[in-house]
Amino acid sequence: MSVRLNIAAVRDCPGDGGKDEILRTIGTIAQECYQLDAETVRAGLAAREALGSTGFGREIAIPHTKLDDLDRCVGVFLRLSEPVAFDSQDGKPVGLIFALLSPAKGGVEHLQALAEISRFLRDDNMVAKLRGASGQDALYALLSKQRERRAA
């Protein structure tokens, strides 16, 4: 990806729970990987979801929020073992989630990162590879390779 986006957090996760549990999981992972406050992340994502679901269809969601404690965009990518209801536009549950966390004052950077993630996840071939990847290392390699390819 060409936007300055750190994707250090890539996880295979169970699909138990619902949207709120997924947002809580993203917060916990963001705390572990980026030293962000888990509850602040969860609350920011939940506030954005209250405006309308970030589940854009095809069993994919891009929850996002802006946070004071960031100086660059970071991502948390989850592949769920079982899709969960996410109030998506097409009514389908979500199995792939790419959460974007951006600096509070990073308006343009946030929009660019969001657009790039959206384009990335509209690629049917890439989505099939993400769904079929053998584990977290393979998922990370796919995401990193795509980021390097776009930066070149």
# chains A, B, ... in the order shown; residues from 1 in each chain; ligands from 1

$ residues_around --residues "region 63-76 of chain A" --least-positions-apart "3" --cutoff "6 Å" --atoms "only C-alpha atoms" --output "PyMOL selection string"
chain A and resi 5-7+9-10+44-45+54+98-104

$ write_last_selection --atoms "N, CA and C atoms" --output "short mmCIF file (atom, residue, chain, number, x, y, z; two decimals), in the first residue's frame"
data_model
loop_
_atom_site.label_atom_id
_atom_site.label_comp_id
_atom_site.auth_asym_id
_atom_site.auth_seq_id
_atom_site.Cartn_x
_atom_site.Cartn_y
_atom_site.Cartn_z
N LEU A 5 1.11 3.22 6.07
CA LEU A 5 0.20 2.44 6.93
C LEU A 5 0.95 1.26 7.51
N ASN A 6 1.03 1.18 8.82
CA ASN A 6 1.68 0.08 9.51
C ASN A 6 0.64 -1.01 9.75
N ILE A 7 0.92 -2.22 9.25
CA ILE A 7 0.01 -3.34 9.46
C ILE A 7 0.76 -4.42 10.23
N ALA A 9 -0.49 -5.89 12.94
CA ALA A 9 -1.45 -6.74 13.62
C ALA A 9 -2.30 -7.50 12.62
N VAL A 10 -2.00 -8.78 12.45
CA VAL A 10 -2.75 -9.66 11.55
C VAL A 10 -3.12 -10.89 12.37
N GLY A 44 -14.04 4.47 19.86
CA GLY A 44 -13.97 5.21 18.59
C GLY A 44 -14.57 4.42 17.45
N LEU A 45 -14.26 3.13 17.39
CA LEU A 45 -14.83 2.29 16.34
C LEU A 45 -16.34 2.16 16.50
N THR A 54 -19.76 -0.18 8.72
CA THR A 54 -18.61 -0.16 7.82
C THR A 54 -18.47 -1.50 7.09
N PHE A 98 -10.69 -5.27 8.12
CA PHE A 98 -9.46 -4.47 8.07
C PHE A 98 -9.76 -3.17 8.80
N ALA A 99 -9.36 -3.09 10.06
CA ALA A 99 -9.62 -1.89 10.87
C ALA A 99 -8.52 -0.86 10.62
N LEU A 100 -8.92 0.36 10.36
CA LEU A 100 -7.99 1.46 10.14
C LEU A 100 -8.06 2.42 11.33
N LEU A 101 -6.90 2.67 11.92
CA LEU A 101 -6.79 3.62 13.03
C LEU A 101 -5.87 4.73 12.55
N SER A 102 -6.37 5.96 12.58
CA SER A 102 -5.63 7.09 12.01
C SER A 102 -5.43 8.20 13.03
N PRO A 103 -4.43 9.06 12.77
CA PRO A 103 -4.23 10.21 13.65
C PRO A 103 -5.45 11.14 13.63
N ALA A 104 -5.76 11.74 14.76
CA ALA A 104 -6.91 12.63 14.86
C ALA A 104 -6.84 13.77 13.85
#

$ select_by_dssp --residues "chain A" --states "helix (DSSP H, G or I)" --output "VMD selection string"
chain A and resid 19 to 34 38 to 51 107 to 121 124 to 132 136 to 151

$ closest_residue --among "A:Glu21, A:Ser118, A:Arg11, A:Leu96" --to "Cys33 (chain A)" --atoms "only C-alpha atoms"
A:Arg11

$ select_by_dssp --residues "chain A" --states "strand (DSSP E)" --output "number ranges by chain"
A: 5-13, 55-57, 60-61, 64-67, 73-84, 94-103

$ residues_around --residues "Arg58 (chain A)" --least-positions-apart "4" --cutoff "12 Å" --atoms "only C-alpha atoms" --output "list in words"
Thr54, Ile62, Pro83, Phe86, Ser88, Gln89, Asp90, Gly91, Lys92, Pro93, Val94, Gly95, Leu96, Ile97, Ser118, Leu121, Arg122, Asp123, Asp124, Val127, Ala128 and Arg131 of chain A

$ write_last_selection --atoms "N, CA, C and O atoms" --output "CSV table (one decimal), in the first residue's frame"
chain,number,residue,atom,x,y,z
A,54,THR,N,-19.8,-0.2,8.7
A,54,THR,CA,-18.6,-0.2,7.8
A,54,THR,C,-18.5,-1.5,7.1
A,54,THR,O,-17.5,-1.7,6.4
A,62,ILE,N,-14.6,-2.6,7.0
A,62,ILE,CA,-13.5,-1.7,7.2
A,62,ILE,C,-13.8,-0.7,8.3
A,62,ILE,O,-14.1,0.5,8.1
A,83,PRO,N,-18.0,-16.1,10.1
A,83,PRO,CA,-18.5,-14.8,9.9
A,83,PRO,C,-19.5,-14.3,11.0
A,83,PRO,O,-20.2,-15.2,11.6
A,86,PHE,N,-22.7,-8.0,11.0
A,86,PHE,CA,-22.1,-6.7,11.1
A,86,PHE,C,-22.9,-5.6,10.6
A,86,PHE,O,-22.5,-4.5,10.3
A,88,SER,N,-24.1,-5.2,7.7
A,88,SER,CA,-23.5,-4.9,6.4
A,88,SER,C,-24.6,-4.4,5.4
A,88,SER,O,-25.7,-4.8,5.5
A,89,GLN,N,-24.1,-3.6,4.4
A,89,GLN,CA,-25.0,-3.1,3.4
A,89,GLN,C,-25.8,-4.2,2.7
A,89,GLN,O,-26.9,-4.1,2.3
A,90,ASP,N,-25.1,-5.4,2.4
A,90,ASP,CA,-25.8,-6.5,1.7
A,90,ASP,C,-26.4,-7.5,2.6
A,90,ASP,O,-26.9,-8.5,2.2
A,91,GLY,N,-26.4,-7.2,4.0
A,91,GLY,CA,-27.0,-8.1,4.9
A,91,GLY,C,-26.2,-9.4,5.3
A,91,GLY,O,-26.6,-10.2,6.1
A,92,LYS,N,-25.1,-9.6,4.6
A,92,LYS,CA,-24.3,-10.8,4.9
A,92,LYS,C,-23.4,-10.6,6.1
A,92,LYS,O,-22.9,-9.4,6.4
A,93,PRO,N,-23.1,-11.6,6.8
A,93,PRO,CA,-22.1,-11.5,7.9
A,93,PRO,C,-20.7,-11.3,7.4
A,93,PRO,O,-20.5,-11.5,6.2
A,94,VAL,N,-19.8,-10.9,8.2
A,94,VAL,CA,-18.5,-10.4,7.9
A,94,VAL,C,-17.5,-11.5,8.4
A,94,VAL,O,-17.5,-11.9,9.5
A,95,GLY,N,-16.5,-11.8,7.5
A,95,GLY,CA,-15.4,-12.7,7.8
A,95,GLY,C,-14.0,-12.1,7.7
A,95,GLY,O,-13.1,-12.6,8.3
A,96,LEU,N,-13.9,-11.0,6.9
A,96,LEU,CA,-12.6,-10.3,6.8
A,96,LEU,C,-12.8,-8.9,7.3
A,96,LEU,O,-13.8,-8.2,6.8
A,97,ILE,N,-11.9,-8.5,8.2
A,97,ILE,CA,-12.1,-7.1,8.8
A,97,ILE,C,-10.7,-6.4,8.7
A,97,ILE,O,-9.7,-7.0,9.2
A,118,SER,N,-10.0,0.0,0.7
A,118,SER,CA,-11.3,-0.3,0.0
A,118,SER,C,-10.9,-0.9,-1.4
A,118,SER,O,-11.5,-1.9,-1.8
A,121,LEU,N,-9.4,-4.4,-1.1
A,121,LEU,CA,-10.4,-5.4,-0.7
A,121,LEU,C,-11.5,-5.6,-1.7
A,121,LEU,O,-12.4,-6.5,-1.6
A,122,ARG,N,-11.5,-4.8,-2.8
A,122,ARG,CA,-12.4,-5.0,-3.9
A,122,ARG,C,-11.8,-6.0,-5.0
A,122,ARG,O,-12.5,-6.4,-5.9
A,123,ASP,N,-10.5,-6.3,-4.8
A,123,ASP,CA,-9.9,-7.2,-5.7
A,123,ASP,C,-10.3,-8.6,-5.4
A,123,ASP,O,-9.8,-9.2,-4.4
A,124,ASP,N,-11.1,-9.2,-6.2
A,124,ASP,CA,-11.6,-10.6,-5.9
A,124,ASP,C,-10.5,-11.6,-5.8
A,124,ASP,O,-10.6,-12.5,-4.9
A,127,VAL,N,-8.9,-11.1,-2.3
A,127,VAL,CA,-9.8,-11.5,-1.2
A,127,VAL,C,-9.8,-13.0,-1.2
A,127,VAL,O,-9.8,-13.6,-0.1
A,128,ALA,N,-9.8,-13.7,-2.3
A,128,ALA,CA,-9.8,-15.2,-2.3
A,128,ALA,C,-8.5,-15.7,-1.7
A,128,ALA,O,-8.5,-16.7,-0.9
A,131,ARG,N,-8.8,-15.2,2.1
A,131,ARG,CA,-9.6,-16.2,2.7
A,131,ARG,C,-9.0,-17.6,2.7
A,131,ARG,O,-9.2,-18.4,3.6

$ residues_around --residues "Ala46 (chain A)" --least-positions-apart "4" --cutoff "9 Å" --atoms "only C-alpha atoms" --output "MDAnalysis selection string"
chainID A and resid 20 23 41:42 50:51 63 65

$ atom_distance --atom1 "CA of Ala113 (chain A)" --atom2 "CA of Leu143 (chain A)"
13.9 Å

$ atom_distance --atom1 "CA of Arg119 (chain A)" --atom2 "CA of Gly55 (chain A)"
14.3 Å

$ closest_residue --among "A:Phe77, A:Ser53, A:Ala61, A:Gly106" --to "Gln136 (chain A)" --atoms "only C-alpha atoms"
A:Phe77

$ residues_around --residues "Asp16 (chain A)" --least-positions-apart "3" --cutoff "10 Å" --atoms "only C-alpha atoms" --output "ChimeraX atom specification"
/A:13,19,21-22,80-84

$ decode --residues "region 90-118 of chain A" --atoms "N, CA, C and O atoms" --output "PDB file, in the first residue's frame"
ATOM      1  N   ASP A  90     -25.112  -5.372   2.438  1.00  0.00           N
ATOM      2  CA  ASP A  90     -25.754  -6.468   1.718  1.00  0.00           C
ATOM      3  C   ASP A  90     -26.412  -7.481   2.647  1.00  0.00           C
ATOM      4  O   ASP A  90     -26.942  -8.492   2.195  1.00  0.00           O
ATOM      5  N   GLY A  91     -26.372  -7.222   3.958  1.00  0.00           N
ATOM      6  CA  GLY A  91     -27.008  -8.104   4.926  1.00  0.00           C
ATOM      7  C   GLY A  91     -26.220  -9.358   5.259  1.00  0.00           C
ATOM      8  O   GLY A  91     -26.648 -10.150   6.095  1.00  0.00           O
ATOM      9  N   LYS A  92     -25.080  -9.567   4.632  1.00  0.00           N
ATOM     10  CA  LYS A  92     -24.278 -10.762   4.881  1.00  0.00           C
ATOM     11  C   LYS A  92     -23.367 -10.554   6.091  1.00  0.00           C
ATOM     12  O   LYS A  92     -22.912  -9.444   6.354  1.00  0.00           O
ATOM     13  N   PRO A  93     -23.083 -11.643   6.795  1.00  0.00           N
ATOM     14  CA  PRO A  93     -22.130 -11.535   7.901  1.00  0.00           C
ATOM     15  C   PRO A  93     -20.725 -11.273   7.361  1.00  0.00           C
ATOM     16  O   PRO A  93     -20.458 -11.459   6.176  1.00  0.00           O
ATOM     17  N   VAL A  94     -19.830 -10.851   8.240  1.00  0.00           N
ATOM     18  CA  VAL A  94     -18.478 -10.435   7.864  1.00  0.00           C
ATOM     19  C   VAL A  94     -17.454 -11.452   8.354  1.00  0.00           C
ATOM     20  O   VAL A  94     -17.529 -11.915   9.488  1.00  0.00           O
ATOM     21  N   GLY A  95     -16.495 -11.783   7.487  1.00  0.00           N
ATOM     22  CA  GLY A  95     -15.432 -12.708   7.848  1.00  0.00           C
ATOM     23  C   GLY A  95     -14.043 -12.117   7.726  1.00  0.00           C
ATOM     24  O   GLY A  95     -13.093 -12.613   8.301  1.00  0.00           O
ATOM     25  N   LEU A  96     -13.907 -11.036   6.938  1.00  0.00           N
ATOM     26  CA  LEU A  96     -12.635 -10.327   6.795  1.00  0.00           C
ATOM     27  C   LEU A  96     -12.825  -8.899   7.287  1.00  0.00           C
ATOM     28  O   LEU A  96     -13.760  -8.211   6.843  1.00  0.00           O
ATOM     29  N   ILE A  97     -11.943  -8.466   8.171  1.00  0.00           N
ATOM     30  CA  ILE A  97     -12.064  -7.132   8.768  1.00  0.00           C
ATOM     31  C   ILE A  97     -10.711  -6.448   8.715  1.00  0.00           C
ATOM     32  O   ILE A  97      -9.719  -6.992   9.195  1.00  0.00           O
ATOM     33  N   PHE A  98     -10.691  -5.267   8.121  1.00  0.00           N
ATOM     34  CA  PHE A  98      -9.455  -4.474   8.069  1.00  0.00           C
ATOM     35  C   PHE A  98      -9.759  -3.172   8.798  1.00  0.00           C
ATOM     36  O   PHE A  98     -10.370  -2.268   8.250  1.00  0.00           O
ATOM     37  N   ALA A  99      -9.363  -3.086  10.064  1.00  0.00           N
ATOM     38  CA  ALA A  99      -9.618  -1.888  10.871  1.00  0.00           C
ATOM     39  C   ALA A  99      -8.517  -0.864  10.621  1.00  0.00           C
ATOM     40  O   ALA A  99      -7.336  -1.197  10.641  1.00  0.00           O
ATOM     41  N   LEU A 100      -8.918   0.357  10.362  1.00  0.00           N
ATOM     42  CA  LEU A 100      -7.990   1.464  10.143  1.00  0.00           C
ATOM     43  C   LEU A 100      -8.063   2.418  11.326  1.00  0.00           C
ATOM     44  O   LEU A 100      -9.138   2.899  11.682  1.00  0.00           O
ATOM     45  N   LEU A 101      -6.901   2.673  11.921  1.00  0.00           N
ATOM     46  CA  LEU A 101      -6.789   3.621  13.030  1.00  0.00           C
ATOM     47  C   LEU A 101      -5.870   4.728  12.554  1.00  0.00           C
ATOM     48  O   LEU A 101      -4.736   4.476  12.152  1.00  0.00           O
ATOM     49  N   SER A 102      -6.368   5.964  12.580  1.00  0.00           N
ATOM     50  CA  SER A 102      -5.632   7.093  12.007  1.00  0.00           C
ATOM     51  C   SER A 102      -5.426   8.199  13.029  1.00  0.00           C
ATOM     52  O   SER A 102      -6.158   8.294  14.013  1.00  0.00           O
ATOM     53  N   PRO A 103      -4.431   9.059  12.769  1.00  0.00           N
ATOM     54  CA  PRO A 103      -4.230  10.213  13.653  1.00  0.00           C
ATOM     55  C   PRO A 103      -5.451  11.136  13.629  1.00  0.00           C
ATOM     56  O   PRO A 103      -6.084  11.312  12.588  1.00  0.00           O
ATOM     57  N   ALA A 104      -5.757  11.736  14.764  1.00  0.00           N
ATOM     58  CA  ALA A 104      -6.910  12.631  14.859  1.00  0.00           C
ATOM     59  C   ALA A 104      -6.837  13.769  13.850  1.00  0.00           C
ATOM     60  O   ALA A 104      -7.854  14.211  13.322  1.00  0.00           O
ATOM     61  N   LYS A 105      -5.633  14.250  13.570  1.00  0.00           N
ATOM     62  CA  LYS A 105      -5.470  15.377  12.639  1.00  0.00           C
ATOM     63  C   LYS A 105      -5.051  14.912  11.247  1.00  0.00           C
ATOM     64  O   LYS A 105      -4.612  15.724  10.440  1.00  0.00           O
ATOM     65  N   GLY A 106      -5.199  13.629  10.962  1.00  0.00           N
ATOM     66  CA  GLY A 106      -4.777  13.091   9.673  1.00  0.00           C
ATOM     67  C   GLY A 106      -5.916  12.935   8.690  1.00  0.00           C
ATOM     68  O   GLY A 106      -6.114  11.847   8.150  1.00  0.00           O
ATOM     69  N   GLY A 107      -6.661  13.992   8.435  1.00  0.00           N
ATOM     70  CA  GLY A 107      -7.833  13.914   7.571  1.00  0.00           C
ATOM     71  C   GLY A 107      -7.549  13.359   6.192  1.00  0.00           C
ATOM     72  O   GLY A 107      -8.166  12.381   5.766  1.00  0.00           O
ATOM     73  N   VAL A 108      -6.620  13.955   5.462  1.00  0.00           N
ATOM     74  CA  VAL A 108      -6.320  13.513   4.103  1.00  0.00           C
ATOM     75  C   VAL A 108      -5.687  12.132   4.125  1.00  0.00           C
ATOM     76  O   VAL A 108      -6.057  11.256   3.340  1.00  0.00           O
ATOM     77  N   GLU A 109      -4.742  11.927   5.033  1.00  0.00           N
ATOM     78  CA  GLU A 109      -4.076  10.633   5.134  1.00  0.00           C
ATOM     79  C   GLU A 109      -5.089   9.531   5.454  1.00  0.00           C
ATOM     80  O   GLU A 109      -5.043   8.433   4.895  1.00  0.00           O
ATOM     81  N   HIS A 110      -6.029   9.823   6.351  1.00  0.00           N
ATOM     82  CA  HIS A 110      -7.075   8.869   6.718  1.00  0.00           C
ATOM     83  C   HIS A 110      -7.921   8.508   5.501  1.00  0.00           C
ATOM     84  O   HIS A 110      -8.163   7.327   5.231  1.00  0.00           O
ATOM     85  N   LEU A 111      -8.363   9.505   4.752  1.00  0.00           N
ATOM     86  CA  LEU A 111      -9.195   9.252   3.579  1.00  0.00           C
ATOM     87  C   LEU A 111      -8.436   8.486   2.509  1.00  0.00           C
ATOM     88  O   LEU A 111      -8.995   7.593   1.855  1.00  0.00           O
ATOM     89  N   GLN A 112      -7.156   8.810   2.307  1.00  0.00           N
ATOM     90  CA  GLN A 112      -6.348   8.094   1.325  1.00  0.00           C
ATOM     91  C   GLN A 112      -6.177   6.631   1.734  1.00  0.00           C
ATOM     92  O   GLN A 112      -6.286   5.733   0.904  1.00  0.00           O
ATOM     93  N   ALA A 113      -5.892   6.399   3.011  1.00  0.00           N
ATOM     94  CA  ALA A 113      -5.717   5.029   3.495  1.00  0.00           C
ATOM     95  C   ALA A 113      -7.016   4.240   3.371  1.00  0.00           C
ATOM     96  O   ALA A 113      -7.024   3.089   2.929  1.00  0.00           O
ATOM     97  N   LEU A 114      -8.120   4.860   3.728  1.00  0.00           N
ATOM     98  CA  LEU A 114      -9.427   4.216   3.625  1.00  0.00           C
ATOM     99  C   LEU A 114      -9.739   3.841   2.178  1.00  0.00           C
ATOM    100  O   LEU A 114     -10.183   2.725   1.889  1.00  0.00           O
ATOM    101  N   ALA A 115      -9.473   4.753   1.258  1.00  0.00           N
ATOM    102  CA  ALA A 115      -9.715   4.484  -0.170  1.00  0.00           C
ATOM    103  C   ALA A 115      -8.819   3.358  -0.666  1.00  0.00           C
ATOM    104  O   ALA A 115      -9.264   2.484  -1.419  1.00  0.00           O
ATOM    105  N   GLU A 116      -7.570   3.364  -0.244  1.00  0.00           N
ATOM    106  CA  GLU A 116      -6.641   2.326  -0.700  1.00  0.00           C
ATOM    107  C   GLU A 116      -7.035   0.955  -0.150  1.00  0.00           C
ATOM    108  O   GLU A 116      -6.987  -0.048  -0.870  1.00  0.00           O
ATOM    109  N   ILE A 117      -7.430   0.892   1.106  1.00  0.00           N
ATOM    110  CA  ILE A 117      -7.879  -0.375   1.690  1.00  0.00           C
ATOM    111  C   ILE A 117      -9.118  -0.865   0.960  1.00  0.00           C
ATOM    112  O   ILE A 117      -9.242  -2.045   0.641  1.00  0.00           O
ATOM    113  N   SER A 118     -10.037   0.039   0.676  1.00  0.00           N
ATOM    114  CA  SER A 118     -11.255  -0.329  -0.045  1.00  0.00           C
ATOM    115  C   SER A 118     -10.933  -0.909  -1.423  1.00  0.00           C
ATOM    116  O   SER A 118     -11.470  -1.944  -1.815  1.00  0.00           O
TER     117      SER A 118
END
